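Data block below; observations after.
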Amino acid sequence: MNKNSSNIMALAPNTSNKRETVCIFGTGDFGRALGHKMIQSGYPVVYGSRSTQISNLIPKDAEVLSHAEAAQKAAIIIIAIQRQHYNFLIPLAEILRGKVLVDISNNLKLNQYPESNAEYLAQLLPGSKVVKAFNTVSAWALQSGTLDASRQVFVCGDDVEAKQMVMNIVHALSLTPLDKGSLLAAQEIENYPLQLFPMWKFPIFLSLGLTAFFFFYCLALDVIYTYIYEKNNFSFFIAITIPNRVCPVVALILLALVYLPGIFAAIIQLYRGTKYRRFPDWLDKWMLCRKQLGLIALAFASLHVVFTLVTPLRAFVSWRTSKGIISQVLNNKTEPLNSTNAWISDSYLALGILGFFLFVLLGITSLPSVSNNVNWREFRFVQSKLGYLALILCTAHTLVYGGKWFLSPSAYKWYLPNIYMLSLVVPCAVLVVKFVLIFPCVDKPLTQIRQGWERNPKHSE
Amino acid sequence: MNKNSSNIMALAPNTSNKRETVCIFGTGDFGRALGHKMIQSGYPVVYGSRSTQISNLIPKDAEVLSHAEAAQKAAIIIIAIQRQHYNFLIPLAEILRGKVLVDISNNLKLNQYPESNAEYLAQLLPGSKVVKAFNTVSAWALQSGTLDASRQVFVCGDDVEAKQMVMNIVHALSLTPLDKGSLLAAQEIENYPLQLFPMWKFPIFLSLGLTAFFFFYCLALDVIYTYIYEKNNFSFFIAITIPNRVCPVVALILLALVYLPGIFAAIIQLYRGTKYRRFPDWLDKWMLCRKQLGLIALAFASLHVVFTLVTPLRAFVSWRTSKGIISQVLNNKTEPLNSTNAWISDSYLALGILGFFLFVLLGITSLPSVSNNVNWREFRFVQSKLGYLALILCTAHTLVYGGKWFLSPSAYKWYLPNIYMLSLVVPCAVLVVKFVLIFPCVDKPLTQIRQGWERNPKHSE
Amino acid sequence: MNKNSSNIMALAPNTSNKRETVCIFGTGDFGRALGHKMIQSGYPVVYGSRSTQISNLIPKDAEVLSHAEAAQKAAIIIIAIQRQHYNFLIPLAEILRGKVLVDISNNLKLNQYPESNAEYLAQLLPGSKVVKAFNTVSAWALQSGTLDASRQVFVCGDDVEAKQMVMNIVHALSLTPLDKGSLLAAQEIENYPLQLFPMWKFPIFLSLGLTAFFFFYCLALDVIYTYIYEKNNFSFFIAITIPNRVCPVVALILLALVYLPGIFAAIIQLYRGTKYRRFPDWLDKWMLCRKQLGLIALAFASLHVVFTLVTPLRAFVSWRTSKGIISQVLNNKTEPLNSTNAWISDSYLALGILGFFLFVLLGITSLPSVSNNVNWREFRFVQSKLGYLALILCTAHTLVYGGKWFLSPSAYKWYLPNIYMLSLVVPCAVLVVKFVLIFPCVDKPLTQIRQGWERNPKHSE
């Protein structure tokens, strides 16, 4: 009867205050760390081991028995052994029948085996209830108690009740369980700790590629061209001048690329007349990494801001300033204030500052704890309305900055345009198409489609 | 018996691993999206629809039946139809008796109807258990799976058990349920997704009003006055010079307004001799938007910082610098270092930097994830002690900056004071009154009152 | 039967929708505030009080009875009285047998009593189930409803079921319960609200000590030395010049101190040949405050950045620039561009910018909401790999900045080295030892040890 109640009502056992015994198979590093933590949280722990000789590494208050004896003492058995040794469990199948087996294993490579370790375990022991859990926590984190990184424990399993029992243990260890559904999710959960920023890969490679391209483009035009034709050695431009040309260009292009897939999606939906057909795969993937693209753009924009602000501290700039003033003095000619120049200089700075300000605001709202505290309307207001405003301001900043050089032939060294001209292509295209899309005659059918209306209901998939 | 157990113990059904069937009334956009997501999470879904003809838009694995048949298959029925059509449910009252009805509807306007949709539904079908949920999630978010914005699902209802069943489903869909209490909360929950930063409205309008006022004030004094009396066209001041005068003024006033209501509250409590009478409504509202006021003040302060740092990059400033140096050269007179000037210039910069630094610290601690990790004593230490220190430093920064001009008649164009003088009124008043309030003879009774002591216990409301 | 069900299944009582009655002993400030909030959340509340006369301060819908009568009405009794008066509960022991007593008391000092209040209560009434909760919430927060600070309520108790009942109430009040285990944790929970940034104390004192030392060191060399030997009054250096020398030095040393304990730990593990023996206490403590050290280092680095960026705005710097240009003019000598100088100036600026950029990135990932969203591998990649890269860049920044002065005798005023030389000692030591540790012949045994391998298994503890 006690056992029954423990199964039905793990949250509030009605006969005792004690937590239930947990059995751990395997006395390796992680098994020991987990056992330690469980004993601290009030669980009686019994280890199943080949040698029942008590090792001094095993937590003091834990019992060590043979696998069969240990399994009989608990309803939950944590399998802290490697996948290669799972088949030694087959002889114990009868004892393990109906028990909850917790697979905590990790692999060394992504998708190392055709099926996940947990599914493999479930195939070996069809009578047991397999739950995947704890693989995302490190032994070191459990031991040291400093859980700076994630406290999340992903849990999945086919048996809802077994999963709940495991989630209760996770809670009791001061960790946060996250139900990921059935055992089919085990593959994903086993891959999770092996991932290194998977969503960031494409945006980072893209931005590194753009950076490299524009860096060498600038190097050619600003350093090599100058060296060949003007005999000036400006190689020190590599440290600040060129990075400060490349950063804003990459930032602006990446910011435009955040809004480009939305434009494509709108055009596709308008063309198809329905929202119920899937977008092409590349568009789906692109849309899912918009946040990452935006944050990398923000990083480049921030670098641009700091590179710009240190300008007056550079030896080269002081020298140039002195030279200008001295030449005015020697020519005995004081230039009057050029009001147009003052307007251009001040307005492109102001546009840049406001654009960057909005950009930082977007970055702050994409922090998980901030975006969790806004509703959908607010989130879309910030990310869409303010985002477009930031794009407009940054594009205007670039246009005003470079405007006077568009028609000047000296800007086309080796007949190549300056890079800020290249940087304007994508943002201007996005802004023009977006401008067309907000005309009522285009916006109205689009809104209808997005609310579920279909032009040709029969033709939809 | 199965049904009984499912009602008693939704968390851990003891006879099967399957999730319970969920019925959805209505095959509109949101009904379909929710059904999709539920099927993905392992729930059998049955749709109740007028035409039982299977539409190709409905998820493949779902059944489509008449409303009556569908309702009989499930203990939970999601009402994905509009409020206007709720009365068609009345004939089904007998079938729906004892069932859990989940109202997911939203309105188009705040407080569109006298009672909330969920309460209206509960009135129509008194035998059913109505739960409000899911209205804060968008169909798009459910479909795309990219829940960048809030994963929170507000749940309310009069029946605790029914609410728990719905919250279990919310959990299973990887969303975060938030229990908001009884069905009385439904109105608030229905208004939630229609809100656009309600707490921010007053602070934003206030700061925009202040900004506009000070902008035109500066425009008059700095551009128009100069143009009329000195024939100088300084219209380009609009881009940077004037914003950089307005931003710090607005920031300082807003920061002082964060601490003013606390001063008022202390005076009211001292005067009344009790803390158990409610503050006037305006004060209550003001106190609730202090965080927003502070963050907007921080935004203005940040803009001021960036506007100030770009100063040396401005064409006007380079021209002014050159002019100064050239005139020194031509007059053959080198100015010696003015040590007082150096002291004033360096100390107002240093005060500003330290004040801004503390201000940013306050901003960071108001991030939800940071403030959740500090206890009350720590939170009040940062927000009150460090906040006042920031206010003192910023006020001192302004005083040192403008000090020398207070007595100079040239600072009073058209007999109007310069705006930084106006900006000092509120902060100085706050600091003076606060200084009085920390005297022991005032602080002691105030502390007693705040711990629950009352001067005239009988007179309290 | 009703009572039974309520005990077994607090989450979903099967006979009624009503929440259970809660009894509160004591009508003090916190008792009243908690009662108010509970009534709002739908709990019937009954107060136990010496005088059953209804005070107008008690929430309207609450009943006030004698202690004995009130206790009989509820299964949960909240003890809102001070520890000194606990012994008046002894005569009620029979009535309180089997009930859940919630201890909400706080002390005035850390570790005021030998045992926690909750354990003391449990000793007085061994037949009751004592749960510690709610002591971390303030009365003001409950009343005003503005829970800006933590919503976390720590709960501990020996009876799992009783704890669950209390956690359900916490949930219902829209607060977040956090299970801290058995009643042994009560001491820690009672100390929690009295703490003022305990983890920050050592790092803050250390950084203040370093700041003070380097400040006076600079004051002696830059102001006093100059005044004595060169008769120049540079006292205004106190405002910006000296802070801008001290900040980067302290930041760099603190950043190196973040990585130093990891180096020590590796050496100790290599020496001992096992990871299963505890580190010395000082090392453990040091490792636990690395995050705080790093964030303070970031604060100093940020101040250094802003202090540096305002340089061109300083009156002293303008004066120095003018003087330089004028002297060039008067000497009729224009200096050519010194390409080496331009390289050095630009590259130390660029190194500093990149180092600071990585440093800010580290700071952002240490925000709780961000670090919760990365897995262990990602967290360690950022904090270890990028952290070391930041340290390398910042050290290189300092080396390039000061490089040319190392051999110049004028840099050794009073035979003392300049402070940036002192600042390089710790970072260089850390980098050199780390460089040795990544050699395969050292790295391989270390990795094995960290995976649980032991050189002398018998000698381990």
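Residue numbering restarts at 1 for every chain of the structure tokens, chains are lettered A, B, ... in their displayed order, and ligands are numbered from 1 as they appear.
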Given a cut-off of 7 Å, which residues of chain A touch chain B, counting only C-alpha atoms, written out as a ChimeraX atom specification? /A:8,158-161,164,179,181,309,312,325,329,337,341-343,345-347,350,369-379,452
When you draw a straight line from CA of Met287 (chain A) to CA of Thr274 (chain A), how long is it in Å?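 One can read the CA of Met287 (chain A) to CA of Thr274 (chain A) distance as 18.3 Å.
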Select from region 29-147 of chain B everything DSSP, run on the backbone, classes as strand (DSSP E or B), then give the selection as JSON, numbers by chain. {"B": [45, 46, 47, 48, 63, 64, 65, 76, 77, 78, 79, 100, 101, 102, 103, 129, 130, 131, 132]}
